[in-house]
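What follows is a set of notes on a single structure, which appears directly below.
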Amino acid sequence: MSDCYIKPETGLDFNQPPYRGTYQQLLAANIGRTVKIDFQMSGGMASQTGVIDAVGVQYVILRQPGRSAYVAGDIFMIKFITFLCE
């Protein structure tokens, strides 16, 4: 549990239809891993790097350890996900 934000319990199983093969399933299966996500914005691309903390139907939350912060992004704006292997 984060001290920074309240993580909602979705109760969703992203391994069931209609989520199979989606970014939600991919991200949920990799919670705890470090990623760089590129989001398509109206003015171009924006990147965020962090550890996947939570996944919902419409969002992903990344923990940014160096900043002691969490960032939430719109799952439908994702263009690329880079898995950073340590």
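Each chain in the structure tokens gets a letter, A, B and so on, in the order shown; residues start at 1 in every chain, and ligands are counted from 1 in the order they appear.
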
- [ ] Extract the full set of alpha helix (DSSP H) residues from chain A according to DSSP on the backbone, and format it as a PyMOL selection string.
- [x] chain A and resi 23-29

Mind running segment 5-73 of chain A against segment 79-85 of chain A at 8 Å and telling me each contacting residue's nearest atom pair with the distance in Å (one decimal), counting only C-alpha atoms, chain and number ascending, as CSV?
```
residue,atom,partner,partner_atom,distance
A:Arg33,CA,A:Phe83,CA,7.5
A:Thr34,CA,A:Leu84,CA,5.6
A:Val35,CA,A:Phe83,CA,4.6
A:Lys36,CA,A:Thr82,CA,5.0
A:Ile37,CA,A:Ile81,CA,4.6
A:Asp38,CA,A:Phe80,CA,5.1
A:Phe39,CA,A:Lys79,CA,5.7
A:Gln40,CA,A:Lys79,CA,6.2
```

Task: Contacts of segment 61-65 of chain A within 10 Å, only C-alpha atoms, excl. fewer than 3 positions in-chain, as a VMD selection string - done: chain A and resid 2 7 27 31 to 37 48 to 56 68 to 75

Open item on the list: I'd like to know which of A:Met45, A:Val57, A:Glu86, A:Met77 is closest to Phe14 of chain A, using only C-alpha atoms.
Closed with: A:Val57

Open item on the list: Run DSSP on the backbone and tell me which residues of chain A come out as strand (DSSP E or B); list them as a VMD selection string.
Closed with: chain A and resid 34 to 41 44 to 55 59 to 64 69 to 74 78 to 83

Serialized selection, N, CA, C and O atoms, as a compact mmCIF listing (two decimals), in the first residue's frame:
```txt
# COMPACT_ATOMS: atom_id res chain seq x y z
N THR A 34 10.35 -2.47 -14.13
CA THR A 34 10.65 -1.11 -14.57
C THR A 34 10.41 -0.98 -16.07
O THR A 34 10.87 -1.82 -16.85
N VAL A 35 9.69 0.08 -16.45
CA VAL A 35 9.36 0.31 -17.85
C VAL A 35 9.52 1.79 -18.20
O VAL A 35 9.51 2.66 -17.33
N LYS A 36 9.66 2.02 -19.48
CA LYS A 36 9.55 3.37 -20.04
C LYS A 36 8.34 3.32 -20.95
O LYS A 36 8.26 2.47 -21.85
N ILE A 37 7.37 4.20 -20.73
CA ILE A 37 6.16 4.22 -21.53
C ILE A 37 6.12 5.54 -22.31
O ILE A 37 6.30 6.61 -21.73
N ASP A 38 5.88 5.42 -23.61
CA ASP A 38 5.74 6.59 -24.47
C ASP A 38 4.26 6.80 -24.74
O ASP A 38 3.57 5.90 -25.24
N PHE A 39 3.78 7.99 -24.38
CA PHE A 39 2.38 8.35 -24.57
C PHE A 39 2.26 9.31 -25.74
O PHE A 39 3.05 10.24 -25.88
N GLN A 40 1.24 9.11 -26.59
CA GLN A 40 0.94 10.02 -27.69
C GLN A 40 0.13 11.19 -27.14
O GLN A 40 -0.94 11.00 -26.58
N MET A 41 0.69 12.38 -27.28
CA MET A 41 0.01 13.59 -26.82
C MET A 41 -0.35 14.41 -28.05
O MET A 41 0.18 14.19 -29.13
N GLY A 44 2.77 15.84 -29.54
CA GLY A 44 3.90 14.93 -29.77
C GLY A 44 3.87 13.78 -28.79
O GLY A 44 2.80 13.33 -28.36
N MET A 45 5.05 13.31 -28.41
CA MET A 45 5.17 12.17 -27.50
C MET A 45 5.68 12.66 -26.14
O MET A 45 6.45 13.61 -26.06
N ALA A 46 5.25 11.97 -25.08
CA ALA A 46 5.75 12.21 -23.73
C ALA A 46 6.12 10.85 -23.15
O ALA A 46 5.38 9.88 -23.29
N SER A 47 7.28 10.77 -22.49
CA SER A 47 7.75 9.51 -21.91
C SER A 47 7.73 9.59 -20.39
O SER A 47 8.01 10.64 -19.82
N GLN A 48 7.42 8.47 -19.78
CA GLN A 48 7.50 8.33 -18.32
C GLN A 48 8.20 7.01 -18.03
O GLN A 48 7.93 5.99 -18.68
N THR A 49 9.09 7.03 -17.05
CA THR A 49 9.81 5.82 -16.64
C THR A 49 9.51 5.56 -15.17
O THR A 49 9.44 6.48 -14.37
N GLY A 50 9.30 4.30 -14.84
CA GLY A 50 9.06 3.93 -13.45
C GLY A 50 8.73 2.47 -13.33
O GLY A 50 8.79 1.70 -14.31
N VAL A 51 8.38 2.07 -12.13
CA VAL A 51 8.02 0.69 -11.81
C VAL A 51 6.51 0.59 -11.86
O VAL A 51 5.80 1.39 -11.24
N ILE A 52 5.99 -0.39 -12.61
CA ILE A 52 4.54 -0.56 -12.70
C ILE A 52 4.00 -0.88 -11.32
O ILE A 52 4.39 -1.87 -10.69
N ASP A 53 3.09 -0.04 -10.84
CA ASP A 53 2.53 -0.21 -9.50
C ASP A 53 1.09 -0.71 -9.54
O ASP A 53 0.69 -1.52 -8.71
N ALA A 54 0.31 -0.22 -10.49
CA ALA A 54 -1.09 -0.62 -10.59
C ALA A 54 -1.58 -0.43 -12.02
O ALA A 54 -1.06 0.41 -12.76
N VAL A 55 -2.58 -1.23 -12.38
CA VAL A 55 -3.17 -1.16 -13.71
C VAL A 55 -4.68 -1.21 -13.55
O VAL A 55 -5.21 -2.06 -12.83
N TYR A 59 -6.11 3.21 -16.90
CA TYR A 59 -4.89 3.87 -16.40
C TYR A 59 -3.80 2.87 -16.07
O TYR A 59 -4.05 1.69 -15.86
N VAL A 60 -2.58 3.40 -15.99
CA VAL A 60 -1.44 2.67 -15.44
C VAL A 60 -0.77 3.64 -14.46
O VAL A 60 -0.69 4.85 -14.72
N ILE A 61 -0.32 3.13 -13.33
CA ILE A 61 0.38 3.95 -12.35
C ILE A 61 1.81 3.45 -12.23
O ILE A 61 2.04 2.26 -12.02
N LEU A 62 2.76 4.38 -12.40
CA LEU A 62 4.18 4.08 -12.28
C LEU A 62 4.74 4.72 -11.02
O LEU A 62 4.48 5.89 -10.75
N ARG A 63 5.51 3.93 -10.27
CA ARG A 63 6.23 4.45 -9.11
C ARG A 63 7.56 4.96 -9.61
O ARG A 63 8.27 4.26 -10.34
N GLN A 64 7.91 6.18 -9.24
CA GLN A 64 9.17 6.78 -9.66
C GLN A 64 10.07 6.90 -8.43
O GLN A 64 10.03 7.91 -7.72
N ALA A 69 7.68 9.60 -6.06
CA ALA A 69 6.42 10.03 -6.63
C ALA A 69 5.79 8.90 -7.43
O ALA A 69 6.45 7.92 -7.77
N TYR A 70 4.51 9.06 -7.71
CA TYR A 70 3.76 8.15 -8.56
C TYR A 70 3.15 8.97 -9.68
O TYR A 70 2.73 10.11 -9.47
N VAL A 71 3.08 8.39 -10.87
CA VAL A 71 2.47 9.09 -12.00
C VAL A 71 1.45 8.15 -12.63
O VAL A 71 1.70 6.95 -12.77
N ALA A 72 0.27 8.69 -12.95
CA ALA A 72 -0.78 7.92 -13.60
C ALA A 72 -0.89 8.37 -15.05
O ALA A 72 -0.79 9.57 -15.34
N GLY A 73 -1.06 7.40 -15.95
CA GLY A 73 -1.19 7.72 -17.36
C GLY A 73 -2.38 7.02 -17.98
O GLY A 73 -2.82 5.98 -17.50
N ASP A 74 -2.88 7.59 -19.05
CA ASP A 74 -4.02 7.07 -19.79
C ASP A 74 -3.57 5.88 -20.64
O ASP A 74 -2.73 6.02 -21.52
N ILE A 78 -1.05 5.10 -24.82
CA ILE A 78 0.24 4.42 -24.92
C ILE A 78 0.54 4.04 -26.37
O ILE A 78 -0.31 3.46 -27.05
N LYS A 79 1.75 4.36 -26.82
CA LYS A 79 2.21 3.96 -28.15
C LYS A 79 3.29 2.89 -28.05
O LYS A 79 3.33 1.97 -28.85
N PHE A 80 4.21 3.03 -27.08
CA PHE A 80 5.31 2.08 -26.92
C PHE A 80 5.55 1.83 -25.44
O PHE A 80 5.42 2.73 -24.62
N ILE A 81 5.95 0.59 -25.13
CA ILE A 81 6.38 0.22 -23.78
C ILE A 81 7.75 -0.42 -23.93
O ILE A 81 7.91 -1.39 -24.66
N THR A 82 8.73 0.12 -23.22
CA THR A 82 10.07 -0.46 -23.20
C THR A 82 10.30 -1.08 -21.84
O THR A 82 10.19 -0.38 -20.81
N PHE A 83 10.58 -2.37 -21.81
CA PHE A 83 10.88 -3.05 -20.55
C PHE A 83 12.38 -2.91 -20.29
O PHE A 83 13.18 -3.37 -21.10
```

Task: d(atom CA of Gln58 of chain A, atom CA of Gln24 of chain A) in Å - done: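 Taking atom CA of Gln58 of chain A as the start and atom CA of Gln24 of chain A as the end point, the length is 8.3 Å.
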